>>> print(open('input10.cif').read())   # mmCIF, C-alpha atoms
data_coords
#
loop_
_atom_site.group_PDB
_atom_site.id
_atom_site.type_symbol
_atom_site.label_atom_id
_atom_site.label_comp_id
_atom_site.auth_asym_id
_atom_site.auth_seq_id
_atom_site.Cartn_x
_atom_site.Cartn_y
_atom_site.Cartn_z
ATOM 1 C CA MET A 62 -10.472 56.712 39.310
ATOM 2 C CA SER A 63 -9.500 55.811 35.786
ATOM 3 C CA GLU A 64 -9.985 57.818 32.642
ATOM 4 C CA LYS A 65 -11.699 54.876 30.927
ATOM 5 C CA ARG A 66 -15.012 56.110 32.394
ATOM 6 C CA SER A 67 -15.041 59.055 30.019
ATOM 7 C CA PRO A 68 -14.348 59.688 26.355
ATOM 8 C CA SER A 69 -10.608 59.750 25.769
ATOM 9 C CA SER A 70 -10.846 63.201 24.195
ATOM 10 C CA VAL A 71 -12.106 64.730 27.466
ATOM 11 C CA LYS A 72 -9.257 65.623 29.799
ATOM 12 C CA SER A 73 -11.127 68.179 31.881
ATOM 13 C CA TYR A 74 -14.528 69.824 32.181
ATOM 14 C CA LYS A 75 -16.096 72.833 33.857
ATOM 15 C CA ALA A 76 -19.068 72.445 36.157
ATOM 16 C CA ALA A 77 -21.138 74.171 38.783
ATOM 17 C CA HIS A 78 -23.238 72.485 41.421
ATOM 18 C CA ILE A 79 -25.635 72.986 44.261
ATOM 19 C CA LEU A 80 -24.814 70.738 47.216
ATOM 20 C CA VAL A 81 -27.471 69.980 49.842
ATOM 21 C CA ASP A 82 -27.878 67.426 52.621
ATOM 22 C CA SER A 83 -31.078 65.693 51.563
ATOM 23 C CA LYS A 84 -32.620 64.269 48.429
ATOM 24 C CA TYR A 85 -35.830 66.151 49.252
ATOM 25 C CA GLN A 86 -33.972 69.499 49.221
ATOM 26 C CA ALA A 87 -32.314 68.641 45.913
ATOM 27 C CA GLU A 88 -35.612 67.611 44.324
ATOM 28 C CA ASP A 89 -37.228 70.849 45.516
ATOM 29 C CA LEU A 90 -34.407 72.877 43.940
ATOM 30 C CA LEU A 91 -34.766 70.955 40.668
ATOM 31 C CA LYS A 92 -38.447 71.948 40.619
ATOM 32 C CA LYS A 93 -37.440 75.592 41.126
ATOM 33 C CA LEU A 94 -34.992 75.343 38.226
ATOM 34 C CA LYS A 95 -37.679 73.869 35.973
ATOM 35 C CA THR A 96 -39.965 76.805 36.751
ATOM 36 C CA GLY A 97 -37.368 79.408 35.803
ATOM 37 C CA SER A 98 -35.190 80.002 38.866
ATOM 38 C CA GLU A 99 -31.572 80.869 38.095
ATOM 39 C CA PHE A 100 -28.997 78.175 38.906
ATOM 40 C CA SER A 101 -26.361 80.540 40.291
ATOM 41 C CA GLU A 102 -28.849 82.286 42.584
ATOM 42 C CA LEU A 103 -30.086 78.987 44.009
ATOM 43 C CA ALA A 104 -26.485 77.885 44.529
ATOM 44 C CA ARG A 105 -25.671 81.101 46.405
ATOM 45 C CA LYS A 106 -28.719 80.734 48.614
ATOM 46 C CA PHE A 107 -28.896 76.987 49.288
ATOM 47 C CA SER A 108 -25.593 75.227 48.553
ATOM 48 C CA SER A 109 -23.467 74.084 51.476
ATOM 49 C CA CYS A 110 -20.307 74.010 49.332
ATOM 50 C CA ALA A 111 -17.565 76.635 49.514
ATOM 51 C CA SER A 112 -18.371 77.337 45.843
ATOM 52 C CA ALA A 113 -21.773 78.825 46.823
ATOM 53 C CA PRO A 114 -20.624 82.491 46.763
ATOM 54 C CA HIS A 115 -19.466 81.871 43.177
ATOM 55 C CA GLY A 116 -22.845 80.544 42.064
ATOM 56 C CA GLY A 117 -21.662 76.976 42.555
ATOM 57 C CA ASP A 118 -18.893 77.308 39.951
ATOM 58 C CA LEU A 119 -16.247 74.651 40.580
ATOM 59 C CA GLY A 120 -14.014 75.833 37.756
ATOM 60 C CA GLU A 121 -12.070 73.405 35.619
ATOM 61 C CA ILE A 122 -11.848 69.843 36.921
ATOM 62 C CA ARG A 123 -9.414 67.304 35.520
ATOM 63 C CA VAL A 124 -10.937 63.932 34.698
ATOM 64 C CA GLY A 125 -10.333 61.552 37.588
ATOM 65 C CA ARG A 126 -10.242 64.261 40.286
ATOM 66 C CA ALA A 127 -13.931 64.323 41.321
ATOM 67 C CA HIS A 128 -15.980 61.603 42.997
ATOM 68 C CA GLU A 129 -16.804 58.908 40.436
ATOM 69 C CA ASP A 130 -20.601 59.345 40.673
ATOM 70 C CA PHE A 131 -20.301 63.124 40.271
ATOM 71 C CA GLU A 132 -17.952 62.815 37.311
ATOM 72 C CA THR A 133 -20.035 60.156 35.577
ATOM 73 C CA ALA A 134 -23.086 62.436 35.807
ATOM 74 C CA VAL A 135 -21.188 65.501 34.527
ATOM 75 C CA LEU A 136 -19.706 63.688 31.550
ATOM 76 C CA LYS A 137 -23.174 62.562 30.414
ATOM 77 C CA LEU A 138 -24.259 66.208 30.151
ATOM 78 C CA LYS A 139 -23.723 68.614 27.294
ATOM 79 C CA PRO A 140 -22.550 72.125 28.172
ATOM 80 C CA GLY A 141 -25.520 74.060 29.518
ATOM 81 C CA GLN A 142 -27.375 70.956 30.704
ATOM 82 C CA ILE A 143 -28.406 70.276 34.302
ATOM 83 C CA THR A 144 -28.804 66.830 35.841
ATOM 84 C CA GLU A 145 -32.435 65.722 35.849
ATOM 85 C CA GLU A 146 -32.057 63.852 39.145
ATOM 86 C CA PRO A 147 -29.972 64.597 42.241
ATOM 87 C CA VAL A 148 -26.558 62.902 42.249
ATOM 88 C CA ARG A 149 -25.616 61.347 45.589
ATOM 89 C CA THR A 150 -22.019 61.241 46.803
ATOM 90 C CA PRO A 151 -20.562 60.974 50.329
ATOM 91 C CA PHE A 152 -20.735 64.799 50.451
ATOM 92 C CA GLY A 153 -24.510 64.970 49.941
ATOM 93 C CA TYR A 154 -26.843 65.498 47.000
ATOM 94 C CA HIS A 155 -25.704 67.493 43.991
ATOM 95 C CA ILE A 156 -27.549 69.266 41.229
ATOM 96 C CA ILE A 157 -24.935 69.673 38.531
ATOM 97 C CA LEU A 158 -24.680 72.145 35.670
ATOM 98 C CA ARG A 159 -22.040 71.384 33.059
ATOM 99 C CA LEU A 160 -20.434 74.610 31.943
ATOM 100 C CA ALA A 161 -17.944 73.271 29.386
#
>>> encode(input="input10.cif", output="structure tokens")
Amino acid sequence: MSEKRSPSSVKSYKAAHILVDSKYQAEDLLKKLKTGSEFSELARKFSSCASAPHGGDLGEIRVGRAHEDFETAVLKLKPGQITEEPVRTPFGYHIILRLA
């Protein structure tokens, strides 16, 4: 994973996510977010990732350390933004919130 995928000024980012097994689950959670549900609460309740108890917070991630599809999606977001569509990786479907 090369750094050329992202702006050269970005060396790391902070993100949270909700990881689920199916696209249908992810789309349902996106609908809940659009109607006012809190990201961290949905992550605690539905995410299958070990970050779930922390509201999905993955902490600081160095560029090049996450799956390419995940990282590409995160780097397109501004802090505070959530992906509009589920992001598929070999781990499942992610709804991603960029924190910083």
>>> closest_residue(input="input10.cif", among="A:Leu160, A:Ala111, A:Ala87, A:Ala76", to="Glu146 (chain A)", atoms="all atoms listed in the file")
A:Ala87
>>> closest_residue(input="input10.cif", among="A:Tyr74, A:Pro147, A:Arg126, A:Glu88", to="Arg159 (chain A)", atoms="only C-alpha atoms")
A:Tyr74
>>> closest_residue(input="input10.cif", among="A:Gly153, A:Gly141, A:Gly120, A:Gly125", to="Lys75 (chain A)", atoms="all atoms listed in the file")
A:Gly120
>>> atom_distance(input="input10.cif", atom1="CA of Ser112 (chain A)", atom2="CA of Thr96 (chain A)")
23.4 Å
>>> resolve_selection(input="input10.cif", expression="the PyMOL selection byres ((chain A and resi 122) around 6)", output="JSON, numbers by chain")
{"A": [73, 74, 121, 123]}
>>> residues_around(input="input10.cif", residues="Ile156 (chain A)", least_positions_apart="4", cutoff="12 Å", atoms="all atoms listed in the file", output="ChimeraX atom specification")
/A:76-94,100-101,103-104,107-108,110,117-118,131,134-135,138,142-150
>>> axis_aligned_box(input="input10.cif", around="region 73-79 of chain A", padding_each_side="3 Å", output="lines of an AutoDock Vina configuration file")
center_x = -18.4
center_y = 71.2
center_z = 38.1
size_x = 20.5
size_y = 12.0
size_z = 18.4
>>> atom_distance(input="input10.cif", atom1="CA of Asp130 (chain A)", atom2="CA of Gly97 (chain A)")
26.6 Å
>>> decode(input="input10.cif", residues="region 106-121 of chain A", atoms="C-alpha atoms", output="CSV table (one decimal), in the first residue's frame")
chain,number,residue,atom,x,y,z
A,106,LYS,CA,-24.7,-2.2,19.6
A,107,PHE,CA,-24.1,-3.6,16.1
A,108,SER,CA,-20.4,-3.6,15.1
A,109,SER,CA,-18.5,-6.9,15.1
A,110,CYS,CA,-15.1,-5.2,15.5
A,111,ALA,CA,-13.2,-5.2,18.7
A,112,SER,CA,-13.5,-1.4,18.6
A,113,ALA,CA,-17.3,-1.6,19.3
A,114,PRO,CA,-17.1,-1.0,23.1
A,115,HIS,CA,-15.2,2.3,22.2
A,116,GLY,CA,-18.0,3.5,19.8
A,117,GLY,CA,-16.1,2.2,16.8
A,118,ASP,CA,-13.1,4.4,17.5
A,119,LEU,CA,-10.0,3.0,15.7
A,120,GLY,CA,-7.7,5.7,17.0
A,121,GLU,CA,-4.9,7.1,14.8
